[in-house]
>>> print(open('start07.cif').read())   # mmCIF, C-alpha atoms and all ligand atoms
data_structure
#
loop_
_atom_site.label_atom_id
_atom_site.label_comp_id
_atom_site.auth_asym_id
_atom_site.auth_seq_id
_atom_site.Cartn_x
_atom_site.Cartn_y
_atom_site.Cartn_z
CA MET A 1 94.98 117.83 102.19
CA ILE A 2 97.24 117.53 99.19
CA LYS A 3 98.71 120.85 98.27
CA ASN A 4 100.80 121.34 95.20
CA GLY A 5 99.98 124.37 93.08
CA ALA A 6 102.70 123.54 90.60
CA ALA A 7 101.47 119.97 89.88
CA ARG A 8 103.79 117.38 88.45
CA ALA A 9 104.85 117.48 84.85
CA ASP A 10 104.10 114.19 83.15
CA GLY A 11 106.22 114.59 80.10
CA ASP A 12 107.93 117.09 77.92
CA ALA A 13 106.33 120.12 76.32
CA ALA A 14 106.63 118.59 72.85
CA LYS A 15 104.04 115.96 73.78
CA VAL A 16 101.23 118.32 74.79
CA ASN A 17 97.93 116.92 73.51
CA PHE A 18 96.16 120.14 72.51
CA ALA A 19 93.29 118.08 71.08
CA GLY A 20 92.41 116.79 74.58
CA ASN A 21 90.84 120.09 75.62
CA ARG A 22 88.01 121.81 73.79
CA LEU A 23 89.55 125.29 73.99
CA LEU A 24 93.09 124.26 73.02
CA ALA A 25 91.75 122.00 70.25
CA THR A 26 90.72 125.12 68.31
CA PHE A 27 94.31 126.45 68.18
CA SER A 28 96.00 126.38 64.77
CA PRO A 29 99.55 124.95 64.53
CA ALA A 30 100.93 128.53 64.59
CA GLU A 31 98.89 129.31 67.72
CA ARG A 32 100.09 126.11 69.38
CA ALA A 33 103.63 127.21 68.63
CA LEU A 34 102.99 130.41 70.63
CA LEU A 35 102.65 128.22 73.74
CA THR A 36 105.80 126.18 73.16
CA GLY A 37 107.51 125.78 76.50
CA ALA A 38 104.60 127.40 78.35
CA ALA A 39 102.17 124.48 78.03
CA LEU A 40 103.01 121.34 79.98
CA PRO A 41 101.13 118.06 80.35
CA VAL A 42 100.41 117.45 84.04
CA SER A 43 98.61 114.84 86.07
CA LEU A 44 96.16 116.20 88.66
CA ARG A 45 95.36 114.10 91.72
CA LYS A 46 91.87 113.90 93.19
CA GLY A 47 91.60 116.27 96.16
CA GLU A 48 94.62 118.31 95.12
CA ILE A 49 94.21 122.02 95.91
CA LEU A 50 95.40 124.14 92.98
CA TRP A 51 95.00 127.45 94.78
CA GLN A 52 93.26 129.01 97.76
CA PRO A 53 91.78 132.48 98.35
CA GLY A 54 94.32 135.29 98.21
CA GLU A 55 97.05 133.28 96.50
CA ALA A 56 98.52 134.43 93.22
CA ILE A 57 97.47 132.04 90.46
CA PRO A 58 100.56 130.95 88.50
CA ALA A 59 98.91 129.10 85.66
CA SER A 60 95.73 128.16 83.86
CA TYR A 61 94.76 124.49 83.94
CA PHE A 62 93.06 122.94 80.92
CA PRO A 63 91.45 119.62 81.95
CA CYS A 64 91.64 116.75 79.46
CA ALA A 65 89.80 113.43 79.31
CA GLY A 66 87.54 113.08 82.40
CA THR A 67 89.48 115.46 84.67
CA GLN A 68 87.32 117.93 86.60
CA ILE A 69 88.31 120.98 88.62
CA SER A 70 85.90 122.54 91.10
CA LEU A 71 85.80 126.26 91.84
CA ALA A 72 84.31 126.79 95.27
CA VAL A 73 83.75 129.43 97.90
CA ASP A 74 84.63 128.68 101.54
CA LEU A 75 82.24 130.03 104.16
CA ALA A 76 83.18 131.00 107.73
CA ASP A 77 81.31 128.01 109.22
CA GLY A 78 83.57 125.61 107.33
CA ALA A 79 81.13 124.87 104.52
CA ARG A 80 82.52 124.84 101.00
CA VAL A 81 80.04 125.58 98.21
CA ASP A 82 80.83 124.64 94.63
CA VAL A 83 80.13 127.39 92.09
CA ALA A 84 81.51 125.83 88.92
CA THR A 85 82.88 122.51 87.76
CA ILE A 86 85.29 122.72 84.86
CA GLY A 87 86.20 119.83 82.56
CA LYS A 88 87.67 119.41 79.11
CA GLU A 89 85.29 122.07 77.74
CA GLY A 90 87.13 124.82 79.60
CA ALA A 91 89.96 126.05 81.77
CA ALA A 92 90.49 127.25 85.33
CA GLY A 93 92.76 130.02 86.56
CA GLY A 94 93.18 133.61 85.42
CA ILE A 95 90.44 133.31 82.80
CA VAL A 96 88.15 136.16 83.81
CA SER A 97 90.92 138.29 85.35
CA CYS A 98 93.08 138.05 82.20
CA GLY A 99 96.32 137.14 83.92
CA THR A 100 96.55 139.31 87.04
CA ALA A 101 94.90 136.84 89.28
CA HIS A 102 94.64 136.67 93.02
CA ALA A 103 92.38 133.76 93.74
CA PHE A 104 88.97 134.57 95.18
CA GLY A 105 87.87 130.99 95.72
CA THR A 106 89.43 127.57 96.10
CA ALA A 107 90.21 125.41 93.10
CA SER A 108 90.42 121.71 93.81
CA VAL A 109 90.59 118.59 91.70
CA GLN A 110 87.23 116.78 91.82
CA VAL A 111 88.11 114.01 89.36
CA GLY A 112 91.82 113.36 88.87
CA GLY A 113 93.55 112.88 85.55
CA ALA A 114 95.37 114.58 82.72
CA ALA A 115 95.45 118.33 82.22
CA ILE A 116 97.55 120.91 80.44
CA ARG A 117 99.13 123.60 82.57
CA VAL A 118 99.84 126.90 80.82
CA ASP A 119 101.89 129.63 82.47
CA LEU A 120 99.58 132.65 82.89
CA ALA A 121 102.04 135.29 81.66
CA GLU A 122 102.72 133.23 78.53
CA LEU A 123 98.99 132.76 77.92
CA GLU A 124 98.51 136.54 78.13
CA ALA A 125 101.36 137.04 75.66
CA ALA A 126 99.73 134.55 73.27
CA LYS A 127 96.42 136.43 73.53
CA ALA A 128 98.24 139.65 72.53
CA ARG A 129 99.62 137.94 69.42
CA SER A 130 96.57 136.01 68.23
CA ALA A 131 93.13 137.47 67.57
CA HIS A 132 91.63 133.96 67.75
CA ILE A 133 93.12 133.20 71.17
CA LYS A 134 92.02 136.58 72.52
CA SER A 135 88.49 136.19 71.22
CA LEU A 136 88.29 132.56 72.38
CA PHE A 137 89.12 133.46 75.99
CA CYS A 138 86.74 136.44 75.97
CA ARG A 139 83.96 134.13 74.84
CA TYR A 140 84.95 131.44 77.33
CA SER A 141 84.89 134.03 80.15
CA ASP A 142 81.33 134.80 79.15
CA ALA A 143 80.42 131.10 79.16
CA LEU A 144 82.07 130.57 82.55
CA LEU A 145 80.23 133.53 84.04
CA ALA A 146 76.98 132.13 82.66
CA GLN A 147 77.78 128.80 84.33
CA VAL A 148 78.40 130.53 87.68
CA MET A 149 75.22 132.63 87.36
CA GLN A 150 73.18 129.51 86.70
CA SER A 151 74.81 127.80 89.70
CA VAL A 152 73.81 130.64 92.00
CA ALA A 153 70.21 130.34 90.89
CA CYS A 154 70.35 126.54 91.01
CA ASN A 155 71.82 126.39 94.54
CA ALA A 156 69.22 128.84 95.78
CA SER A 157 66.14 127.30 94.23
CA HIS A 158 66.47 123.76 92.99
CA ALA A 159 66.01 120.51 94.87
CA LEU A 160 68.96 118.28 95.74
CA GLU A 161 67.95 115.48 93.41
CA ALA A 162 67.65 117.85 90.45
CA ARG A 163 71.03 119.44 91.27
CA LEU A 164 72.72 116.08 91.65
CA CYS A 165 71.30 114.91 88.30
CA ARG A 166 72.54 118.11 86.71
CA TRP A 167 76.06 117.43 88.00
CA LEU A 168 75.94 113.78 86.90
CA LEU A 169 74.95 114.81 83.37
CA SER A 170 77.82 117.32 83.03
CA SER A 171 80.28 114.81 84.49
CA HIS A 172 79.00 112.10 82.16
CA ASP A 173 79.67 114.43 79.22
CA ARG A 174 83.27 114.83 80.38
CA ALA A 175 83.88 111.22 81.39
CA ALA A 176 85.46 108.75 78.98
CA GLY A 177 82.75 106.12 79.57
CA ASP A 178 79.74 105.68 81.84
CA ASP A 179 81.69 105.55 85.10
CA ILE A 180 82.12 108.75 87.08
CA PRO A 181 84.86 108.35 89.69
CA VAL A 182 83.55 110.40 92.60
CA THR A 183 83.14 109.75 96.31
CA GLN A 184 80.01 110.58 98.29
CA GLY A 185 82.12 113.01 100.32
CA VAL A 186 83.06 115.04 97.25
CA LEU A 187 79.46 114.99 96.01
CA ALA A 188 78.19 116.14 99.40
CA GLU A 189 80.67 119.01 99.39
CA MET A 190 79.64 119.92 95.87
CA LEU A 191 75.97 120.02 96.86
CA GLY A 192 76.65 121.75 100.18
CA VAL A 193 74.94 119.01 102.25
CA GLN A 194 75.92 116.16 104.58
CA ARG A 195 77.29 112.93 103.13
CA THR A 196 74.34 110.87 104.38
CA THR A 197 71.94 113.25 102.63
CA THR A 198 73.80 112.66 99.36
CA ASN A 199 73.66 108.89 99.98
CA MET A 200 69.90 109.09 100.29
CA VAL A 201 69.48 110.93 96.99
CA LEU A 202 71.87 108.51 95.27
CA LYS A 203 69.87 105.59 96.66
CA THR A 204 66.64 106.90 95.13
CA LEU A 205 68.45 107.35 91.80
CA SER A 206 69.81 103.83 92.07
CA ASN A 207 66.33 102.46 92.93
CA SER A 208 64.90 104.10 89.81
CA GLY A 209 67.60 102.47 87.67
CA ALA A 210 69.26 105.74 86.67
CA VAL A 211 72.63 104.88 88.19
CA GLU A 212 74.54 101.99 89.70
CA LEU A 213 76.55 102.72 92.84
CA LYS A 214 79.95 101.24 93.47
CA ARG A 215 82.53 102.28 96.00
CA GLY A 216 84.03 105.53 94.73
CA THR A 217 82.22 105.28 91.39
CA ILE A 218 78.80 106.15 90.01
CA ARG A 219 77.87 104.38 86.79
CA VAL A 220 75.30 106.10 84.60
CA LEU A 221 72.74 103.53 83.43
CA SER A 222 69.99 105.77 82.10
CA ARG A 223 70.91 109.21 80.85
CA ALA A 224 67.28 109.74 79.84
CA THR A 225 66.15 109.33 83.47
CA LEU A 226 68.78 111.79 84.67
CA GLU A 227 67.69 114.30 82.01
CA GLU A 228 64.11 113.94 83.18
CA LEU A 229 65.02 114.50 86.83
CA ALA A 230 67.60 117.28 86.33
CA CYS A 231 66.63 120.92 86.55
CA GLU A 232 66.84 123.06 83.40
CA CYS A 233 70.25 124.39 84.51
CA TYR A 234 72.16 121.62 82.73
CA ARG A 235 70.53 122.27 79.35
CA VAL A 236 70.60 126.07 79.63
CA VAL A 237 74.36 126.15 80.31
CA GLU A 238 75.04 123.60 77.54
CA GLU A 239 73.09 125.71 75.05
CA HIS A 240 74.96 128.86 76.04
CA PHE A 241 78.32 127.12 75.61
CA ALA A 242 77.26 125.94 72.15
CA ARG A 243 76.24 129.48 71.15
CA VAL A 244 79.28 131.29 72.55
CA LEU A 245 82.15 128.93 71.81
CA PRO A 246 83.31 127.99 68.31
CA PRO A 247 81.74 124.89 66.81
CA LEU A 248 83.74 121.75 67.37
CA LYS A 249 83.89 118.78 65.06
CA PRO A 250 82.82 115.64 66.96
CA GLN A 251 86.26 114.05 66.73
CA GLN A 252 88.25 117.17 67.53
CA VAL A 253 88.57 116.42 71.24
CA VAL A 254 90.24 113.04 71.56
CA PRO A 255 91.18 111.03 74.63
CA ASP A 256 94.82 111.21 75.67
CA ASP A 257 95.64 107.62 74.84
CA GLU A 258 94.63 108.10 71.20
CA ALA A 259 96.63 111.25 70.67
CA MET B 260 89.38 109.72 115.97
CA PRO B 261 86.55 107.18 116.04
CA ARG B 262 84.55 106.54 112.88
CA TYR B 263 80.76 106.77 112.97
CA PHE B 264 78.23 105.44 110.47
CA PHE B 265 74.92 107.18 109.83
CA HIS B 266 72.13 104.85 108.75
CA LEU B 267 69.03 106.65 107.58
CA TYR B 268 65.51 105.26 108.01
CA ASN B 269 62.78 107.19 106.22
CA ALA B 270 60.00 106.91 103.63
CA ILE B 271 62.34 105.69 100.89
CA GLY B 272 63.59 102.83 103.07
CA ILE B 273 66.95 102.29 104.74
CA THR B 274 69.99 104.10 103.37
CA ARG B 275 73.04 102.40 104.83
CA ASP B 276 76.25 104.35 105.30
CA GLU B 277 79.16 102.19 104.13
CA GLU B 278 81.85 104.87 104.28
CA GLY B 279 81.40 106.42 107.70
CA GLN B 280 82.98 109.58 108.96
CA GLU B 281 85.65 110.37 111.55
CA LEU B 282 84.34 112.52 114.39
CA PRO B 283 85.71 113.31 117.86
CA SER B 284 82.76 112.04 119.94
CA VAL B 285 79.24 110.63 120.03
CA GLU B 286 78.03 114.19 120.72
CA ALA B 287 79.68 115.38 117.50
CA ALA B 288 78.08 112.44 115.68
CA ARG B 289 74.63 113.41 117.02
CA ALA B 290 75.19 117.00 115.88
CA SER B 291 76.10 115.66 112.46
CA ALA B 292 72.90 113.54 112.38
CA VAL B 293 70.86 116.65 113.19
CA LYS B 294 72.47 118.39 110.17
CA VAL B 295 71.54 115.43 107.96
CA ILE B 296 67.92 115.61 109.07
CA ARG B 297 67.75 119.38 108.55
CA ASP B 298 69.25 118.96 105.05
CA ILE B 299 66.54 116.47 104.16
CA LEU B 300 63.68 118.47 105.66
CA ARG B 301 64.90 121.71 104.06
CA ASP B 302 64.90 120.02 100.68
CA GLU B 303 61.53 118.34 101.20
CA ILE B 304 59.69 121.44 102.33
CA GLY B 305 60.59 123.13 99.04
CA SER B 306 58.33 120.62 97.31
CA GLY B 307 55.55 121.12 99.85
CA ALA B 308 55.96 117.86 101.78
CA LEU B 309 57.43 117.11 105.17
CA GLY B 310 58.05 113.58 106.44
CA ILE B 311 58.91 113.85 110.10
CA GLY B 312 58.74 110.12 110.93
CA GLY B 313 62.28 109.13 109.99
CA ARG B 314 65.36 108.59 112.13
CA VAL B 315 69.14 108.50 111.85
CA VAL B 316 70.80 105.58 113.61
CA ILE B 317 74.44 106.14 114.55
CA ALA B 318 76.73 103.12 114.71
CA ASP B 319 80.38 102.81 115.66
CA GLU B 320 83.09 100.80 113.91
CA ALA B 321 82.00 97.61 115.68
CA SER B 322 78.46 98.14 114.25
CA ALA B 323 77.16 98.85 117.76
CA ILE B 324 74.39 101.44 117.88
CA VAL B 325 75.60 104.43 119.87
CA GLY B 326 72.66 106.74 119.26
CA THR B 327 69.39 107.36 117.43
CA VAL B 328 68.16 110.78 116.39
CA PRO B 329 64.45 110.92 115.42
CA PHE B 330 63.67 113.54 112.74
CA GLY B 331 61.36 115.29 115.21
CA GLU B 332 64.30 116.00 117.51
CA ALA B 333 66.14 117.98 114.85
CA VAL B 334 63.49 120.69 114.53
CA ARG B 335 61.25 122.52 116.93
CA ILE B 336 57.76 122.70 115.51
CA ASP B 337 55.60 125.47 116.94
CA SER B 338 51.94 125.02 116.07
CA THR B 339 50.54 127.58 118.49
CA PRO B 340 47.68 129.43 116.73
CA HIS B 341 48.48 133.16 116.22
ZN ZN C 1 69.16 123.94 88.76
#
>>> encode(input="start07.cif", output="structure tokens")
Amino acid sequence: MIKNGAARADGDAAKVNFAGNRLLATFSPAERALLTGAALPVSLRKGEILWQPGEAIPASYFPCAGTQISLAVDLADGARVDVATIGKEGAAGGIVSCGTAHAFGTASVQVGGAAIRVDLAELEAAKARSAHIKSLFCRYSDALLAQVMQSVACNASHALEARLCRWLLSSHDRAAGDDIPVTQGVLAEMLGVQRTTTNMVLKTLSNSGAVELKRGTIRVLSRATLEELACECYRVVEEHFARVLPPLKPQQVVPDDEA
Amino acid sequence: MPRYFFHLYNAIGITRDEEGQELPSVEAARASAVKVIRDILRDEIGSGALGIGGRVVIADEASAIVGTVPFGEAVRIDSTPH
């Protein structure tokens, strides 16, 4: 297990690509200035554990590009159940608790890549000084809770194939292209089943032409098929995010290499 | 730890395991195969179907078969009339 709550800084604070994350992209230049020195570009590695239950959370992580962080609950029998996957549309760490955070679950990196790390105390200070930032994080908390609520219902009631399609659709939204870099082991953990069970569901999706399987990568071939097979949970959460969070111009979130 | 591969034979065909999984013993691998079968049956029964004719074939790193777990062995079905 890789364990490094602090993550590695990739560059200097002056080069933070605020436009790479949907929440940070809405900050005005003055609001960005409030985070000078507190926001750092970092590179998250797949499998990296950002925090575990009981630990104090030092920072919020804002995924950019295709980076995905999983929030999960560990059960006594060793099973880990994913309750939310967070990509460039959101942030993980101290969001709902507003800064005084002792982790309840485990946050791990599902898909590695770029992120922006913001010191929690500094983020709280910025909220106190900007009505937009304060309101944005209140609304995002609501959206994140909605995502978790839908996950609870989904895990309890929906079939594996539908749940897997739901996850593939959200990941496809966050990915730069059609390839989702994820291993069967990570997927199995996310779905709370054995790896071989996940393989079987992926095989049926591959047989129907929805995806192409490569080692460590799932390529989306037919989004329409995935939408047909997914449960309503994908669409319902998307719609709630669109209602609750400020509208975003299509080009506002840009990949890191174009910033 | 030895690596075991779990090849699944059921109604959708053969799902080969290319990655494998490190486990301490053949017994642990059999226990893992039972979990796979229960995962599949749990999911199936939600849609009102139950295919009990499949099997999980366990192979070692040399591709030698070290065990087979029929689906029927993973669950105890009691059809006594009550
Ligand atoms: Zn669902």
>>> residues_near_ligand(input="start07.cif", ligand="ligand ZN 1 (chain C)", cutoff="8 Å", atoms="only C-alpha atoms and all ligand atoms", output="ChimeraX atom specification")
/A:150-151,153-155,157-159,162-163,166,230-234
>>> interface_residues(input="start07.cif", of="chain A", to="chain B", cutoff="8 Å", atoms="all atoms listed in the file", output="count of residues only")
11
>>> atom_distance(input="start07.cif", atom1="CA of Leu168 (chain A)", atom2="CA of Thr225 (chain A)")
11.3 Å
>>> atom_distance(input="start07.cif", atom1="CA of Leu202 (chain A)", atom2="CA of Ile311 (chain B)")
20.4 Å
>>> residues_around(input="start07.cif", residues="region 103-117 of chain A", least_positions_apart="3", cutoff="7 Å", atoms="only C-alpha atoms", output="JSON, numbers by chain")
{"A": [39, 40, 41, 42, 43, 44, 45, 46, 47, 48, 49, 50, 51, 52, 53, 54, 55, 56, 57, 59, 60, 61, 62, 63, 64, 65, 66, 67, 68, 69, 70, 71, 72, 73, 181, 182]}
>>> residues_around(input="start07.cif", residues="Arg314 (chain B)", least_positions_apart="2", cutoff="6 Å", atoms="only C-alpha atoms", output="VMD selection string")
chain B and resid 268 328 to 330
>>> closest_residue(input="start07.cif", among="A:Val118, A:Leu75, A:Ala126, A:Ala143", to="Val244 (chain A)", atoms="all atoms listed in the file")
A:Ala143
>>> atom_distance(input="start07.cif", atom1="CA of Pro246 (chain A)", atom2="CA of Ser135 (chain A)")
10.1 Å
>>> closest_residue(input="start07.cif", among="B:Gly331, B:Gly326, B:Pro283, B:Pro340", to="Leu300 (chain B)", atoms="all atoms listed in the file")
B:Gly331
>>> closest_residue(input="start07.cif", among="A:Met190, A:Ile133, A:Val81, A:Val220", to="Ala176 (chain A)", atoms="all atoms listed in the file")
A:Val220
